[in-house]
Structures are given as C-alpha cells and as structure tokens.
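What follows is the content of start-v4.cif, which has mmCIF, C-alpha atoms and all ligand atoms:
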```
data_protein
loop_
_atom_site.label_atom_id
_atom_site.label_comp_id
_atom_site.auth_asym_id
_atom_site.auth_seq_id
_atom_site.Cartn_x
_atom_site.Cartn_y
_atom_site.Cartn_z
CA MET A 1 19.51 83.17 -116.34
CA GLN A 2 21.85 81.20 -118.57
CA LEU A 3 23.30 77.75 -117.98
CA ASP A 4 26.93 77.76 -116.92
CA PRO A 5 28.65 75.27 -119.28
CA GLU A 6 31.43 74.83 -116.70
CA ARG A 7 29.02 73.50 -114.09
CA ILE A 8 26.96 70.95 -115.94
CA PRO A 9 26.26 68.05 -113.51
CA ALA A 10 28.31 64.98 -114.42
CA HIS A 11 25.53 62.62 -113.38
CA VAL A 12 21.79 63.27 -113.50
CA ALA A 13 19.40 60.65 -112.13
CA ILE A 14 15.67 60.78 -112.87
CA VAL A 15 12.55 59.23 -111.37
CA MET A 16 10.19 59.32 -114.36
CA ASP A 17 6.93 59.60 -112.43
CA GLY A 18 3.39 60.53 -113.48
CA ASN A 19 2.76 58.47 -116.63
CA GLY A 20 -0.42 56.98 -115.14
CA ARG A 21 -1.86 60.36 -114.14
CA TRP A 22 -0.98 61.83 -117.55
CA ALA A 23 -3.01 59.04 -119.19
CA LYS A 24 -5.89 59.35 -116.72
CA GLN A 25 -6.20 63.08 -117.37
CA ARG A 26 -6.78 62.22 -121.02
CA GLY A 27 -9.09 59.27 -120.43
CA LEU A 28 -6.44 56.92 -121.86
CA PRO A 29 -5.19 53.55 -120.55
CA ARG A 30 -2.13 53.66 -118.28
CA LEU A 31 0.01 52.09 -120.98
CA ALA A 32 -0.62 55.08 -123.24
CA GLY A 33 1.00 57.13 -120.48
CA HIS A 34 4.05 54.87 -120.44
CA ARG A 35 4.23 55.10 -124.23
CA ALA A 36 4.22 58.91 -123.99
CA GLY A 37 6.81 58.56 -121.22
CA MET A 38 9.02 56.58 -123.54
CA ASP A 39 8.77 59.33 -126.16
CA ALA A 40 9.72 61.92 -123.52
CA LEU A 41 12.71 59.79 -122.55
CA LYS A 42 13.98 59.69 -126.14
CA GLU A 43 14.19 63.49 -126.19
CA ILE A 44 15.75 63.72 -122.73
CA VAL A 45 18.55 61.31 -123.66
CA LYS A 46 19.37 63.45 -126.70
CA LYS A 47 19.23 66.65 -124.70
CA ALA A 48 21.40 65.26 -121.89
CA ASP A 49 23.99 64.28 -124.49
CA GLN A 50 23.91 67.73 -126.13
CA MET A 51 24.25 69.43 -122.73
CA GLY A 52 27.41 67.50 -121.96
CA ILE A 53 25.96 65.46 -119.10
CA ARG A 54 28.23 62.40 -118.79
CA HIS A 55 25.88 60.01 -116.99
CA LEU A 56 22.10 59.81 -117.16
CA THR A 57 20.31 57.24 -114.99
CA VAL A 58 16.57 56.62 -115.30
CA TYR A 59 14.26 54.55 -113.12
CA ALA A 60 12.32 52.45 -115.62
CA PHE A 61 11.11 49.57 -113.41
CA SER A 62 11.52 49.06 -109.68
CA THR A 63 11.59 45.85 -107.66
CA GLU A 64 8.20 47.05 -106.30
CA ASN A 65 6.62 47.58 -109.75
CA TRP A 66 5.85 43.84 -110.00
CA LYS A 67 2.83 44.63 -107.79
CA ARG A 68 1.16 46.30 -110.78
CA SER A 69 -1.22 44.41 -113.06
CA ALA A 70 0.32 41.75 -115.30
CA GLU A 71 -0.95 43.75 -118.27
CA GLU A 72 0.87 46.92 -117.21
CA VAL A 73 4.08 45.05 -116.35
CA SER A 74 4.22 43.22 -119.67
CA GLY A 75 3.31 46.45 -121.44
CA ILE A 76 6.31 48.23 -119.91
CA PHE A 77 8.57 45.36 -121.06
CA ARG A 78 7.12 45.62 -124.56
CA LEU A 79 7.90 49.33 -124.57
CA LEU A 80 11.44 48.57 -123.54
CA ILE A 81 11.82 46.31 -126.57
CA LEU A 82 10.25 48.97 -128.78
CA TYR A 83 12.63 51.57 -127.35
CA VAL A 84 15.71 49.50 -128.17
CA ASP A 85 14.35 48.65 -131.63
CA SER A 86 13.66 52.27 -132.49
CA GLU A 87 16.61 53.99 -130.75
CA LEU A 88 19.61 51.66 -130.68
CA ALA A 89 21.02 52.70 -134.06
CA GLU A 90 20.83 56.37 -133.21
CA LEU A 91 22.21 55.89 -129.69
CA HIS A 92 25.15 54.03 -131.20
CA ARG A 93 25.66 56.71 -133.87
CA ASN A 94 25.76 59.30 -131.09
CA ASN A 95 28.43 57.28 -129.26
CA VAL A 96 26.07 56.63 -126.30
CA ARG A 97 26.91 53.67 -124.08
CA VAL A 98 23.98 51.83 -122.53
CA SER A 99 24.23 50.07 -119.18
CA ILE A 100 21.61 48.50 -116.94
CA LEU A 101 21.31 48.58 -113.15
CA GLY A 102 19.34 46.10 -111.06
CA ARG A 103 18.34 42.45 -111.42
CA TRP A 104 17.39 42.93 -115.05
CA ARG A 105 18.44 39.42 -116.05
CA GLU A 106 15.41 38.15 -114.11
CA LEU A 107 13.10 39.90 -116.60
CA PRO A 108 11.37 37.78 -119.31
CA ALA A 109 13.67 36.41 -122.02
CA ALA A 110 12.58 38.78 -124.82
CA PRO A 111 13.51 42.08 -123.09
CA VAL A 112 16.68 40.50 -121.66
CA LYS A 113 17.80 39.50 -125.15
CA LYS A 114 17.08 42.97 -126.50
CA LEU A 115 18.96 44.63 -123.65
CA GLU A 116 21.94 42.35 -124.17
CA LYS A 117 22.03 43.51 -127.77
CA ALA A 118 21.98 47.16 -126.66
CA LEU A 119 24.82 46.53 -124.20
CA GLU A 120 26.89 44.61 -126.73
CA THR A 121 26.37 47.14 -129.54
CA THR A 122 27.33 50.17 -127.44
CA LYS A 123 29.95 48.66 -125.13
CA ASN A 124 32.91 50.51 -126.65
CA ASN A 125 31.19 53.90 -126.93
CA SER A 126 32.69 56.78 -125.02
CA GLY A 127 29.96 59.44 -125.09
CA LEU A 128 26.99 59.81 -122.78
CA GLN A 129 26.62 56.84 -120.44
CA PHE A 130 22.95 56.00 -120.28
CA HIS A 131 22.03 53.80 -117.33
CA ILE A 132 18.59 52.19 -117.14
CA ALA A 133 17.48 50.96 -113.71
CA LEU A 134 15.36 47.86 -114.34
CA ASN A 135 14.03 45.53 -111.68
CA TYR A 136 16.09 47.82 -109.49
CA GLY A 137 15.73 48.64 -105.81
CA GLY A 138 18.25 50.51 -103.71
CA ARG A 139 17.87 48.23 -100.69
CA ASP A 140 18.14 45.15 -102.89
CA GLU A 141 21.32 46.54 -104.45
CA ILE A 142 22.84 47.33 -101.03
CA LEU A 143 21.95 43.85 -99.75
CA ARG A 144 23.53 42.19 -102.79
CA ALA A 145 26.67 44.26 -102.30
CA ALA A 146 26.81 43.39 -98.57
CA ARG A 147 26.45 39.69 -99.36
CA SER A 148 29.17 39.81 -101.97
CA LEU A 149 31.56 41.32 -99.40
CA SER A 150 30.53 39.17 -96.47
CA GLY A 151 33.59 36.90 -96.59
CA GLN A 152 36.02 39.81 -96.27
CA PRO A 153 37.69 41.05 -93.09
CA PRO A 154 35.38 43.81 -91.70
CA GLU A 155 38.15 46.44 -91.59
CA GLU A 156 38.73 45.94 -95.32
CA ILE A 157 35.13 46.87 -96.16
CA THR A 158 35.64 50.56 -96.88
CA GLU A 159 33.25 53.03 -98.52
CA GLU A 160 35.23 52.70 -101.75
CA ARG A 161 35.04 48.90 -101.76
CA PHE A 162 31.37 48.97 -100.89
CA SER A 163 30.67 51.42 -103.72
CA ALA A 164 32.62 49.17 -106.08
CA ALA A 165 30.35 46.24 -105.15
CA LEU A 166 27.19 48.14 -106.15
CA ASP A 167 25.60 48.03 -109.62
CA THR A 168 26.92 51.58 -110.10
CA ALA A 169 30.58 50.57 -109.71
CA GLY A 170 32.76 53.09 -111.52
CA ILE A 171 29.91 55.59 -111.98
CA PRO A 172 30.18 58.86 -110.04
CA ASP A 173 27.37 59.55 -107.56
CA PRO A 174 24.48 61.59 -108.99
CA ASP A 175 25.00 65.33 -108.66
CA LEU A 176 21.36 65.99 -109.42
CA LEU A 177 18.29 63.88 -108.82
CA ILE A 178 15.07 64.90 -110.57
CA ARG A 179 11.63 63.53 -109.73
CA THR A 180 8.62 64.55 -111.76
CA SER A 181 4.89 64.64 -110.94
CA GLY A 182 5.01 66.39 -107.57
CA GLU A 183 5.93 63.35 -105.48
CA LEU A 184 8.56 64.15 -102.85
CA ARG A 185 10.06 60.72 -102.26
CA LEU A 186 13.14 58.72 -103.20
CA SER A 187 11.18 55.45 -103.57
CA ASN A 188 14.14 53.12 -103.08
CA TYR A 189 16.18 54.75 -105.86
CA LEU A 190 19.99 54.96 -105.60
CA LEU A 191 19.84 55.11 -101.79
CA TRP A 192 23.59 54.83 -101.22
CA GLN A 193 24.54 56.98 -104.20
CA CYS A 194 22.26 59.96 -103.44
CA ALA A 195 23.90 60.75 -100.08
CA TYR A 196 24.91 64.23 -101.29
CA SER A 197 22.83 64.69 -104.43
CA GLU A 198 20.84 67.85 -104.99
CA PHE A 199 17.13 67.12 -105.42
CA VAL A 200 14.91 68.95 -107.87
CA PHE A 201 11.20 68.14 -107.71
CA THR A 202 8.78 69.34 -110.34
CA ASP A 203 5.01 69.05 -110.68
CA THR A 204 5.37 68.32 -114.40
CA LEU A 205 4.22 64.80 -115.25
CA TRP A 206 6.94 62.72 -116.91
CA PRO A 207 5.40 62.61 -120.45
CA ASP A 208 5.37 66.43 -120.39
CA PHE A 209 8.99 66.70 -119.17
CA SER A 210 10.61 68.38 -122.17
CA PRO A 211 14.26 69.18 -122.95
CA ALA A 212 13.53 72.73 -121.70
CA CYS A 213 12.41 71.22 -118.37
CA LEU A 214 15.78 69.43 -118.11
CA GLU A 215 17.58 72.72 -118.72
CA GLN A 216 15.43 74.36 -116.05
CA ALA A 217 16.29 71.62 -113.53
CA VAL A 218 20.01 72.00 -114.26
CA LEU A 219 19.68 75.77 -113.85
CA GLU A 220 18.08 75.21 -110.45
CA TYR A 221 20.93 72.83 -109.58
CA GLN A 222 23.48 75.48 -110.57
CA GLY A 223 21.86 77.87 -108.11
CA ARG A 224 22.49 75.49 -105.22
CA GLU A 225 25.48 75.64 -102.96
CA ARG A 226 27.00 72.20 -102.40
CA ARG A 227 28.89 71.72 -99.16
CA PHE A 228 29.06 67.89 -98.82
CA GLY A 229 28.68 68.23 -95.05
CA GLY A 230 31.44 70.85 -94.81
CA ARG A 231 31.03 74.53 -94.05
CA LYS A 232 30.42 77.43 -96.38
CA GLN A 233 33.74 78.42 -97.97
C1 LIG B 301 6.07 55.91 -113.25
O1 LIG B 301 4.81 56.46 -113.58
C2 LIG B 301 6.66 55.23 -114.39
C3 LIG B 301 7.02 53.91 -114.46
C4 LIG B 301 6.87 52.96 -113.34
C5 LIG B 301 7.56 53.31 -115.69
C6 LIG B 301 8.51 54.15 -116.48
C7 LIG B 301 8.50 53.69 -117.87
C8 LIG B 301 8.68 54.47 -118.97
C9 LIG B 301 9.03 55.91 -118.94
C10 LIG B 301 8.49 53.91 -120.34
C11 LIG B 301 9.40 52.87 -120.82
C12 LIG B 301 10.81 52.94 -120.36
C13 LIG B 301 11.87 52.73 -121.17
C14 LIG B 301 13.25 52.69 -120.61
C15 LIG B 301 11.70 52.54 -122.60
P1 LIG B 301 3.52 55.90 -112.84
O2 LIG B 301 2.93 54.82 -113.65
O3 LIG B 301 3.86 55.51 -111.44
O4 LIG B 301 2.58 57.17 -112.84
P2 LIG B 301 1.45 57.51 -111.78
O5 LIG B 301 2.15 57.72 -110.45
O6 LIG B 301 0.86 58.78 -112.31
O7 LIG B 301 0.50 56.37 -111.76
#
```
For the file at hand, write its structure as structure tokens.
Amino acid sequence: MQLDPERIPAHVAIVMDGNGRWAKQRGLPRLAGHRAGMDALKEIVKKADQMGIRHLTVYAFSTENWKRSAEEVSGIFRLLILYVDSELAELHRNNVRVSILGRWRELPAAPVKKLEKALETTKNNSGLQFHIALNYGGRDEILRAARSLSGQPPEEITEERFSAALDTAGIPDPDLLIRTSGELRLSNYLLWQCAYSEFVFTDTLWPDFSPACLEQAVLEYQGRERRFGGRKQ
C-alpha cells in the first residue's frame, strides 16, 4: 500500500508515550528515555514536514506531569532547552513555525526564555506549524476558555467562538491522533479538538517511533472512513 499524497492529514497530534519503559528495558534512568524521545521527535518533525503535514502537535508536558520527581521534571525542561539550542536554526531554515499550547509561561524562567526565542525566530515562517503542548491539560484549556467568555451573552457563545478562545485558535482540529506505547487513553489531551479525530494506537515505545512508523500511521488513517457523525455516502 502506498500513501495517497492527496489525503495527507492536515493536522497530526501525538502523545509521545513510553520513554520511561524504553529506558527501563535497557536498565537506564528515565531521563535517558526522554533524551531518546527527544531524538525521535527531531526525526518526526522533519518527516512530517516532508510528508506535507501542515500542523504537528506533540504532548511534551502535561499539567499532571508535575507529580513526577523534581529530578525528572527539571530534566525534561533541560531537554527542552537542548532541543531549541540544537534544532532552532534548522527549523527556521526549513520554514517551520513553532507555537506552544498550555500554560507554558508558568514554567521556570530558563525554558520560557528559550521558547520565547523559538517563537520570535520562527513567527513569520509559513511551512509546517509545529505546536508543543507544555504544561498543557485539555480540561484546564477548556476552563480558561470558558472563563474568558464568561462575560458574554450566552447565545453569543457559539462553537466557533469557543474554539477561538482555546490555545489552538486558528488551528484546524487534528485529523489523526497517534499514541505510542500501547496505552489506549487520551490523558487530557486536546479534549475539545479531538471530537472527530481518527485514533491510531501503536505498541511502539516513543523513542522507537521512526519516520516509517509515522508513514504507517498515516496509511492506517487513509484506510479509515470519516463520517463526522453523518451517514456513509
Ligand atoms: C511520556 O513517556 C513522555 C513524557 C511525559 C515527556 C515527553 C518528552 C520528550 C519526548 C522529550 C523532550 C520534549 C521536547 C519537546 C524536546 P513516559 O515517561 O510517561 O513513559 P512511561 O509511560 O513508559 O513511563
């Protein structure tokens, strides 16, 4: 089976799960798994761009991830800084625009500063839009949107206006959601936006998720029939 270039999903969202188990299988510390996960992400961003995917959204840190050890949390933030340091020039060269979803400004100052640089550098780029969900939770996002609209007349709060009040304003809903590592959950990711997304779950652990795995997931997506609640044509 070949990929149909006419039906590449416009927006692919990924839950990058399984870094810890990947490390454990090798007798390595959890952070080594996140490091390998970061390397996998670098390749996936390039592949998504080459495939003509317009929006790629990855779940890098959830509002629940603060429950992890301080060492793991600060390690993930360090990796984020390392990622921007090592990739920003190439992302910019490839016309990729970086954006961040979630309450990322509440992160420590060093990663916030680095992310601001990535946003500023790539703000006028028109290629792949790469969205990083950081200190993100779907319920938190929906609550923030509801609060921001609370002064408005109820009948004026339409689906469109609600969508425009979310962190994903202006971004089309994900066509395809991928979760790695065999877990079959949404885990508070893009709850509003995934109403009609196709889900592809794979047992592959995130650090092993290669560009070929992304192609395979898109192929599976292309085999689905999307009806958006309507009937078969
Ligand atoms: C889930 O695996 C992964 C995370 C919570 C963090 C994701 C972080 C990265 C891929 C690296 C850095 C990110 C960027 C944007 C540079 P897990 O730890 O829950 O794995 P487990 O379920 O096997 O324990």
Find the nearest atom pair between each residue of chain A and ligand LIG 301 (chain B) for residues within 6 Å, count all atoms listed in the file, give distances in Å to one decimal, sort rows by chain and ascending number, and present the table as a Markdown table.
```
| residue | atom | partner | partner_atom | distance |
| --- | --- | --- | --- | --- |
| A:Met16 | CA | B:LIG301 | C2 | 5.4 |
| A:Asp17 | CA | B:LIG301 | C1 | 3.9 |
| A:Gly18 | CA | B:LIG301 | O6 | 3.3 |
| A:Asn19 | CA | B:LIG301 | O4 | 4.0 |
| A:Gly20 | CA | B:LIG301 | O7 | 3.6 |
| A:Arg21 | CA | B:LIG301 | O6 | 3.6 |
| A:His34 | CA | B:LIG301 | C10 | 4.5 |
| A:Arg35 | CA | B:LIG301 | C10 | 5.9 |
| A:Gly37 | CA | B:LIG301 | C9 | 4.1 |
| A:Met38 | CA | B:LIG301 | C10 | 4.2 |
| A:Ala60 | CA | B:LIG301 | C6 | 4.3 |
| A:Phe61 | CA | B:LIG301 | C4 | 5.4 |
| A:Ile76 | CA | B:LIG301 | C11 | 5.6 |
| A:Leu79 | CA | B:LIG301 | C15 | 5.4 |
| A:Leu80 | CA | B:LIG301 | C15 | 4.1 |
| A:Tyr83 | CA | B:LIG301 | C15 | 4.9 |
```
Would you write out those residues with C-alpha atoms, as a PDB file, keeping the file's coordinate frame?
```
ATOM      1  CA  MET A  16      10.190  59.320-114.360  1.00  0.00           C
ATOM      2  CA  ASP A  17       6.930  59.600-112.430  1.00  0.00           C
ATOM      3  CA  GLY A  18       3.390  60.530-113.480  1.00  0.00           C
ATOM      4  CA  ASN A  19       2.760  58.470-116.630  1.00  0.00           C
ATOM      5  CA  GLY A  20      -0.420  56.980-115.140  1.00  0.00           C
ATOM      6  CA  ARG A  21      -1.860  60.360-114.140  1.00  0.00           C
ATOM      7  CA  HIS A  34       4.050  54.870-120.440  1.00  0.00           C
ATOM      8  CA  ARG A  35       4.230  55.100-124.230  1.00  0.00           C
ATOM      9  CA  GLY A  37       6.810  58.560-121.220  1.00  0.00           C
ATOM     10  CA  MET A  38       9.020  56.580-123.540  1.00  0.00           C
ATOM     11  CA  ALA A  60      12.320  52.450-115.620  1.00  0.00           C
ATOM     12  CA  PHE A  61      11.110  49.570-113.410  1.00  0.00           C
ATOM     13  CA  ILE A  76       6.310  48.230-119.910  1.00  0.00           C
ATOM     14  CA  LEU A  79       7.900  49.330-124.570  1.00  0.00           C
ATOM     15  CA  LEU A  80      11.440  48.570-123.540  1.00  0.00           C
ATOM     16  CA  TYR A  83      12.630  51.570-127.350  1.00  0.00           C
TER      17      TYR A  83
END
```
Inset, instruction - For atom CA of A:Glu198 and atom CA of A:Asp175, quote the distance in Å rounded to one decimal. - result: 6.1 Å
Would you mind listing, for every residue of stretch 24-63 of chain A within 12 Å of stretch 127-150 of chain A, the two atoms forming the shortest contact and the distance between them in Å to one decimal, using only C-alpha atoms, sorted by chain and ascending residue number, as JSON lines?
```
{"residue": "A:Leu41", "atom": "CA", "partner": "A:Ile132", "partner_atom": "CA", "distance": 11.0}
{"residue": "A:Lys42", "atom": "CA", "partner": "A:Phe130", "partner_atom": "CA", "distance": 11.3}
{"residue": "A:Ile44", "atom": "CA", "partner": "A:Phe130", "partner_atom": "CA", "distance": 10.8}
{"residue": "A:Val45", "atom": "CA", "partner": "A:Phe130", "partner_atom": "CA", "distance": 7.7}
{"residue": "A:Lys46", "atom": "CA", "partner": "A:Leu128", "partner_atom": "CA", "distance": 9.3}
{"residue": "A:Lys47", "atom": "CA", "partner": "A:Leu128", "partner_atom": "CA", "distance": 10.5}
{"residue": "A:Ala48", "atom": "CA", "partner": "A:Leu128", "partner_atom": "CA", "distance": 7.9}
{"residue": "A:Asp49", "atom": "CA", "partner": "A:Leu128", "partner_atom": "CA", "distance": 5.6}
{"residue": "A:Gln50", "atom": "CA", "partner": "A:Leu128", "partner_atom": "CA", "distance": 9.1}
{"residue": "A:Met51", "atom": "CA", "partner": "A:Leu128", "partner_atom": "CA", "distance": 10.0}
{"residue": "A:Gly52", "atom": "CA", "partner": "A:Leu128", "partner_atom": "CA", "distance": 7.7}
{"residue": "A:Ile53", "atom": "CA", "partner": "A:Leu128", "partner_atom": "CA", "distance": 6.8}
{"residue": "A:Arg54", "atom": "CA", "partner": "A:Leu128", "partner_atom": "CA", "distance": 4.9}
{"residue": "A:His55", "atom": "CA", "partner": "A:Gln129", "partner_atom": "CA", "distance": 4.7}
{"residue": "A:Leu56", "atom": "CA", "partner": "A:Phe130", "partner_atom": "CA", "distance": 5.0}
{"residue": "A:Thr57", "atom": "CA", "partner": "A:His131", "partner_atom": "CA", "distance": 4.5}
{"residue": "A:Val58", "atom": "CA", "partner": "A:Ile132", "partner_atom": "CA", "distance": 5.2}
{"residue": "A:Tyr59", "atom": "CA", "partner": "A:Ala133", "partner_atom": "CA", "distance": 4.9}
{"residue": "A:Ala60", "atom": "CA", "partner": "A:Leu134", "partner_atom": "CA", "distance": 5.7}
{"residue": "A:Phe61", "atom": "CA", "partner": "A:Leu134", "partner_atom": "CA", "distance": 4.7}
{"residue": "A:Ser62", "atom": "CA", "partner": "A:Tyr136", "partner_atom": "CA", "distance": 4.7}
{"residue": "A:Thr63", "atom": "CA", "partner": "A:Asn135", "partner_atom": "CA", "distance": 4.7}
```
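You can rank A:Glu71, A:Val12, A:Glu6, A:Ala169 by their closest distance to A:Val218 using only C-alpha atoms, and at the top of that list sits A:Val12.
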Legend entry - Proximity to A:Ser69 - best of A:Arg226, A:Lys117, A:Arg30, A:Lys123, only C-alpha atoms: A:Arg30
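Residue nearest A:Asn94 within the list A:Ser126, A:Leu82, A:Ala13, A:Asp39: A:Ser126 [criterion: smallest interatomic distance, all atoms listed in the file].
Using only C-alpha atoms, the smallest distance between any of A:His11, A:Arg26, A:Arg179, A:Arg105 and A:Thr204 comes from A:Arg179.
In terms of minimum interatomic distance to A:Glu72, A:Leu31 ranks closest within A:Thr121, A:Leu31, A:Glu160, A:Leu3, counting all atoms listed in the file.
For the point (25.9, 62.7, -109.4), the residues with an atom at a distance of at most 7 Å are Pro9, Ala10, His11, Val12, Pro172, Asp173, Pro174, Asp175, Leu176 and Ser197 of chain A, counting all atoms listed in the file.
Residue nearest A:Ala118, chosen from A:Ala212, A:Leu101, A:Ala164, A:Leu91 and counting all atoms listed in the file: A:Leu91.
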Legend entry - Atomic separation - atom CA of A:Thr122 relative to atom CA of A:Ser210, Å: 25.3 Å
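Atom CA of A:Gly170 is positioned 27.4 Å from atom CA of A:Ala40.
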Inset, instruction - May I have the residues within 9 Å of A:Leu115 as an MDAnalysis selection string, using all atoms listed in the file and disregarding those fewer than 6 positions away in the same chain? - result: chainID A and resid 80:81 84 98:100 104
